[in-house]
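Undergrad: Below you will find the structure I want to go over with you.
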Amino acid sequence: MALINFIKPKNQLEEGGRSAAIVQQDALEPEKTCPNCRKAIPLSRLWSRDLVCPCGYHFRMKARQRIASLTDKDSFRELFAGLRAENPLAFPGYTEKQEAVRAASGEREAVLCGTASLEGESCCLFVMESYFMMGSMGTAVGEKITRLFEYAMERRLPVIGYTVSGGARMQEGLLSLMQMAKTSAAVKRHSDAGLLYIAVLTDPTTGGVTASFAMEADIILAEPGATVGFAGARVIEQTTRKTLPKGFQKAEFVLAHGFLDGIVPRAGQRSFLAELLRLHKGG
Amino acid sequence: MRKTTPYERVKLARSTDRPTGLDYIQNIFQNFIELHGDRRFGDDPAVVGGVARLNGTPVTVIAIEKGHNARERGARNFGSPHPEGYRKALRLMKQADKFGRPVICFVDTSGAYCGIGAEERGQGQAIAENLTEMSTLCVPVISLLIGEGGSGGALALAVADRVWMLENAVYSVISPEGCASILWKDAKKAETAAASLKLTAEDAKRLGVIARILPETELGRPPFFRALRELLAEELTLLAHDPDLINKRYDRFRRIGAELVKETV
């Protein structure tokens with residue numbers, strides 16, 4: 001039964017959202033089976049280890065849980081919390097899906113934004129939510145991230161962004177696609193003002209998010225084993241009819257090809273990021 | 001007369017009878033000199049770029065080229081660029097910026113290529129870099145969607161001061177077939193997907209994504225190209241005298257969808 005959790009979505013690139021089922025599954029389960037070492041680990045033990053298996057496998061983490069474990073106690077102040085899009089294109093089934101996902105995840109949208117501190121260092125922070133339609137980017141996600149970069153620029157703050165996304169959200173069509181251009185322009189303005197942006201790519205970061213703000217940071221980090229790519233592996237296999245190389249689109253593979261600055265395990269991220277923030281002070 | 005359905009539009013946009021990027025370059029501009037390569041890895045035949053004259057004025061032109069017949073289409077990778085195509089385009093845009101030449105892009109792709117090499121060489125990063133860099137080019141940029149506007153692979157040449165679409169071009173976040181197979185596990189529902197994705201020129205204009213729809217009267221014939229040449233020249237004159245180009249470009253994309261996002265408690 002535990003294995004249900006780890007069946008990869010059929011298409012990670014533009015995932016339609018299986019989150020409700022996954023969230024419910026979590027509540028029922030006393031333990032999880034690690035897809036890497038195949039051992040069953042009690043959930044309570046996993047929670048205490050920030051969802052990292054003793055073998056090193058990094059499970060997906062809810063955005064609020066990540067914020068709680070990453071930032072200084074009670075330092076996170078959420079911004080733009082109420083922003084959400086309805087169903088701007090009247091896309092069939094989207095309203096119902098949003099309602100179900102909101103109820104199951106407890107979130108209004110697929111990204112949380114705010115200010116926080118790490119070892120006393122202030123920053124703006126966004127964390128995408130895999131449990132909300134696989135972190136897909138529609139108008140609300142684009143708007144929130146754009147506002148965060150604008151907010152950070154006005155206050156001369158660095159931005160740390162945790163990405164997890166199946167890509168642009170199909171149900172908002174062309175409007176979703178345009179969020180790639182919109183967020184990118186905001187990142188560029190923040191960057192041109194001499195300010196630091198660090199992205200941490202978590203599993204999976206794909207599609208339109210990879211092709212926009214995930215790959216636009218000054219320093220791009222990833223969690224071990226995270227899938228990072230543009231097109232989905234299945235689509236590539238079907239298109240090319242070739243066997244994919246070992247470890248294709250895993251963080252280690254992407255690092256070896258020169259598109260990441262480093263891979264940082266979850267446990268060390270807070271101090272690693274805090275030191276980077278200190279190194280760039282005044283920058 | 002019955003109105004063309006969105007999925008019929010998709011098929012029209014994909015038709016091999018349409019003029020391709022190179023046809024536009026050759027029929028609108030004079031003295032086109034092709035400039036090759038991305039100075040990083042290779043030269044992508046799916047993207048053609050260079051310098052030319054538009055009624056005498058030097059411009060940089062960039063086009064995604066699909067090719068007309070089977071041989072050409074194979075050689076052009078069916079108009080699906082690799083990262084090198086986007087990097088070549090960016091190199092030429094930065095060159096245009098340096099020499100104060102306007103940039104005109106012709107977009108026609110089913111999407112950025114989905115391949116092993118494309119991923120290994122950073123397809124996502126290449127597109128992302130075009131999006132950031134185009135947002136602050138100091139010279140006017142006009143992008144025309146002449147056929148398929150396939151997702152990020154099309155947007156990477158369309159962060160522009162003016163984005164125009166041909167009457168039967170489409171612009172979409174995902175192909176209707178892809179959308180149907182992911183959402184409804186049935187590629188045959190592409191027709192429903194095409195209607196739901198709002199991918200036609202009328203939709204794009206209504207959503208504030210594009211500014212102008214170009215009629216396809218006499219598509220590919222001399223009067224069509226002549227009219228387009230005059231339209232481009234006219235618009236570039238307007239844009240050339242705009243001191244606030246970059247801010248306006250920012251605002252154009254900044255407001256897309258912004259008013260649709262609501263504050264809730």
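Each chain of the structure tokens is named A, B, ... in the order shown, its residues numbered from 1; ligands are numbered from 1 in display order.
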I need the chain A residues near chain B as a VMD selection string; criterion: at most 8 Å, counting only C-alpha atoms.
TA: chain A and resid 10 to 11 14 to 16 80 82 to 86 88 to 92 139 to 140 143 168 170 to 182 184 to 185 187 to 188 207 to 208 210 to 213 215 to 216 229 to 231 235 to 236 239 to 240 244 249 254 257 259
Undergrad: What would the file look like if the residues just selected were written as a CSV table (one decimal), in the first residue's frame with C-alpha atoms?
TA:
```
chain,number,residue,atom,x,y,z
A,10,LYS,CA,2.4,9.5,-15.8
A,11,ASN,CA,3.7,12.7,-17.1
A,14,GLU,CA,2.3,18.9,-17.0
A,15,GLU,CA,0.9,16.8,-14.2
A,16,GLY,CA,-2.8,17.2,-13.7
A,80,PHE,CA,0.2,37.6,-0.7
A,82,GLY,CA,-4.8,35.2,-0.1
A,83,LEU,CA,-4.0,35.4,-3.8
A,84,ARG,CA,-5.6,32.8,-6.0
A,85,ALA,CA,-6.9,32.5,-9.6
A,86,GLU,CA,-10.4,31.2,-10.2
A,88,PRO,CA,-10.0,32.2,-15.9
A,89,LEU,CA,-10.5,30.3,-19.1
A,90,ALA,CA,-13.5,28.3,-17.8
A,91,PHE,CA,-11.4,25.1,-18.4
A,92,PRO,CA,-13.5,22.0,-18.0
A,139,THR,CA,-1.5,33.1,-13.1
A,140,ALA,CA,-1.6,33.1,-9.3
A,143,GLU,CA,1.7,36.8,-9.9
A,168,ALA,CA,3.1,25.5,-16.6
A,170,MET,CA,-2.4,23.6,-18.6
A,171,GLN,CA,-5.8,24.6,-17.2
A,172,GLU,CA,-4.9,28.3,-17.5
A,173,GLY,CA,-3.6,27.8,-21.0
A,174,LEU,CA,-1.8,30.7,-22.6
A,175,LEU,CA,-2.0,32.8,-19.4
A,176,SER,CA,0.2,30.2,-17.7
A,177,LEU,CA,2.8,30.4,-20.5
A,178,MET,CA,3.0,34.1,-20.1
A,179,GLN,CA,3.8,33.8,-16.4
A,180,MET,CA,7.2,32.4,-17.6
A,181,ALA,CA,8.0,35.8,-19.3
A,182,LYS,CA,6.5,37.8,-16.4
A,184,SER,CA,11.6,36.1,-15.7
A,185,ALA,CA,11.4,39.9,-16.2
A,187,VAL,CA,13.9,38.2,-11.7
A,188,LYS,CA,16.0,40.2,-14.2
A,207,GLY,CA,8.9,22.3,-17.8
A,208,GLY,CA,8.1,25.9,-17.7
A,210,THR,CA,12.9,25.0,-15.3
A,211,ALA,CA,12.7,27.2,-18.4
A,212,SER,CA,12.1,30.3,-16.3
A,213,PHE,CA,12.9,31.3,-12.8
A,215,MET,CA,17.3,28.4,-14.0
A,216,GLU,CA,17.7,32.2,-13.6
A,229,GLY,CA,14.7,18.9,-16.6
A,230,PHE,CA,12.7,20.6,-19.3
A,231,ALA,CA,10.9,17.8,-21.1
A,235,VAL,CA,8.1,12.2,-23.7
A,236,ILE,CA,11.8,12.2,-24.6
A,239,THR,CA,10.1,11.2,-29.2
A,240,THR,CA,13.5,9.8,-29.7
A,244,LEU,CA,17.9,7.3,-21.7
A,249,GLN,CA,17.8,14.4,-15.4
A,254,VAL,CA,22.5,18.0,-14.3
A,257,HIS,CA,26.6,18.8,-17.3
A,259,PHE,CA,23.8,23.5,-15.0
```
Undergrad: Neighbouring residues of A:Gln98 were defined as those with any atom within 9 Å, considering only C-alpha atoms; residues of the same chain fewer than 2 positions away were excluded. Please report them as a list in words.
TA: Glu86, Asn87, Gly93, Tyr94, Thr95, Glu96, Ala100, Val101, Arg102, Ala103, Arg108, Glu109, Phe132 and Met133 of chain A
Undergrad: DSSP on the backbone: which residues in stretch 14-239 of chain B end up as alpha helix (DSSP H)? Give the answer as a short mmCIF file (atom, residue, chain, number, x, y, z; two decimals) with C-alpha atoms, in the first residue's frame.
TA:
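Output file out_35.cif is given in full below:
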```cif
data_model
loop_
_atom_site.label_atom_id
_atom_site.label_comp_id
_atom_site.auth_asym_id
_atom_site.auth_seq_id
_atom_site.Cartn_x
_atom_site.Cartn_y
_atom_site.Cartn_z
CA ARG B 14 0.64 23.15 -38.90
CA GLY B 21 10.30 31.53 -41.57
CA LEU B 22 12.78 31.76 -44.43
CA ASP B 23 10.00 32.74 -46.87
CA TYR B 24 9.22 35.72 -44.66
CA ILE B 25 12.87 36.70 -44.43
CA GLN B 26 13.41 36.44 -48.18
CA ASN B 27 10.23 38.23 -49.19
CA ILE B 28 10.13 41.05 -46.68
CA ALA B 70 10.47 16.06 -46.24
CA ARG B 71 14.18 16.55 -46.86
CA GLU B 72 14.17 20.16 -45.69
CA ARG B 73 12.00 19.38 -42.72
CA GLY B 74 14.35 16.63 -41.62
CA ALA B 75 17.35 18.92 -42.01
CA PRO B 83 19.47 24.91 -26.94
CA GLU B 84 22.00 26.08 -29.56
CA GLY B 85 19.15 27.61 -31.60
CA TYR B 86 17.99 29.71 -28.67
CA ARG B 87 21.58 30.65 -27.83
CA LYS B 88 22.26 31.68 -31.43
CA ALA B 89 19.11 33.81 -31.36
CA LEU B 90 20.20 35.45 -28.13
CA ARG B 91 23.68 36.09 -29.48
CA LEU B 92 22.19 37.86 -32.49
CA MET B 93 19.78 39.85 -30.33
CA LYS B 94 22.63 41.06 -28.14
CA GLN B 95 24.55 41.96 -31.26
CA ALA B 96 21.53 43.93 -32.44
CA ASP B 97 21.42 45.66 -29.06
CA LYS B 98 25.07 46.64 -29.38
CA PHE B 99 24.63 48.13 -32.84
CA ILE B 116 18.63 13.68 -24.71
CA GLY B 117 21.23 16.09 -26.07
CA ALA B 118 18.86 19.03 -25.70
CA GLU B 119 18.41 18.20 -22.01
CA GLU B 120 22.13 17.55 -21.47
CA GLN B 123 17.20 23.35 -22.95
CA GLY B 124 15.44 24.85 -19.94
CA GLN B 125 18.36 27.12 -19.11
CA ALA B 126 18.64 28.30 -22.73
CA ILE B 127 14.97 29.29 -22.87
CA ALA B 128 15.11 30.89 -19.43
CA GLU B 129 18.07 33.02 -20.41
CA ASN B 130 16.29 34.30 -23.50
CA LEU B 131 13.31 35.30 -21.36
CA THR B 132 15.42 37.32 -18.92
CA GLU B 133 17.70 38.89 -21.52
CA MET B 134 14.98 39.82 -24.00
CA SER B 151 4.93 26.74 -25.51
CA GLY B 152 8.27 27.84 -24.00
CA GLY B 153 10.05 27.05 -27.24
CA ALA B 154 8.01 29.77 -28.96
CA LEU B 155 8.00 32.22 -26.05
CA PRO B 176 -3.97 19.93 -27.65
CA GLU B 177 -3.03 16.26 -28.15
CA GLY B 178 -0.61 16.39 -25.22
CA CYS B 179 -3.15 18.14 -23.03
CA ALA B 180 -5.88 15.63 -23.88
CA SER B 181 -3.70 12.61 -23.21
CA ILE B 182 -2.50 13.96 -19.85
CA LEU B 183 -5.82 15.24 -18.54
CA ALA B 190 -7.67 16.99 -28.73
CA GLU B 191 -10.61 18.88 -30.17
CA THR B 192 -12.00 19.64 -26.70
CA ALA B 193 -8.51 20.48 -25.47
CA ALA B 194 -7.93 22.87 -28.39
CA ALA B 195 -11.13 24.72 -27.55
CA SER B 196 -10.34 24.81 -23.83
CA LEU B 197 -6.73 25.96 -24.11
CA ALA B 201 -5.26 34.50 -32.34
CA GLU B 202 -8.64 35.89 -31.22
CA ASP B 203 -8.20 34.28 -27.80
CA ALA B 204 -4.64 35.56 -27.47
CA LYS B 205 -5.77 39.08 -28.34
CA ARG B 206 -8.68 38.94 -25.91
CA PRO B 222 3.71 39.29 -53.03
CA PRO B 223 0.90 41.61 -51.84
CA PHE B 224 0.84 39.80 -48.48
CA PHE B 225 4.55 40.28 -47.91
CA ARG B 226 4.43 43.87 -49.20
CA ALA B 227 1.72 44.78 -46.73
CA LEU B 228 3.62 43.12 -43.91
CA ARG B 229 6.82 44.94 -44.86
CA GLU B 230 5.06 48.33 -44.66
CA LEU B 231 3.39 47.40 -41.38
CA LEU B 232 6.71 46.39 -39.82
CA ALA B 233 8.48 49.51 -41.08
CA GLU B 234 5.71 51.71 -39.72
CA GLU B 235 5.70 50.04 -36.31
CA LEU B 236 9.50 50.15 -36.01
CA THR B 237 9.42 53.90 -36.67
CA LEU B 238 6.96 54.29 -33.81
CA LEU B 239 9.00 52.10 -31.46
#
```
Undergrad: Just to confirm, what's the straight-line distance from atom CA of B:Gln30 to atom CA of B:Asp44 in Å (one decimal)?
TA: 23.1 Å
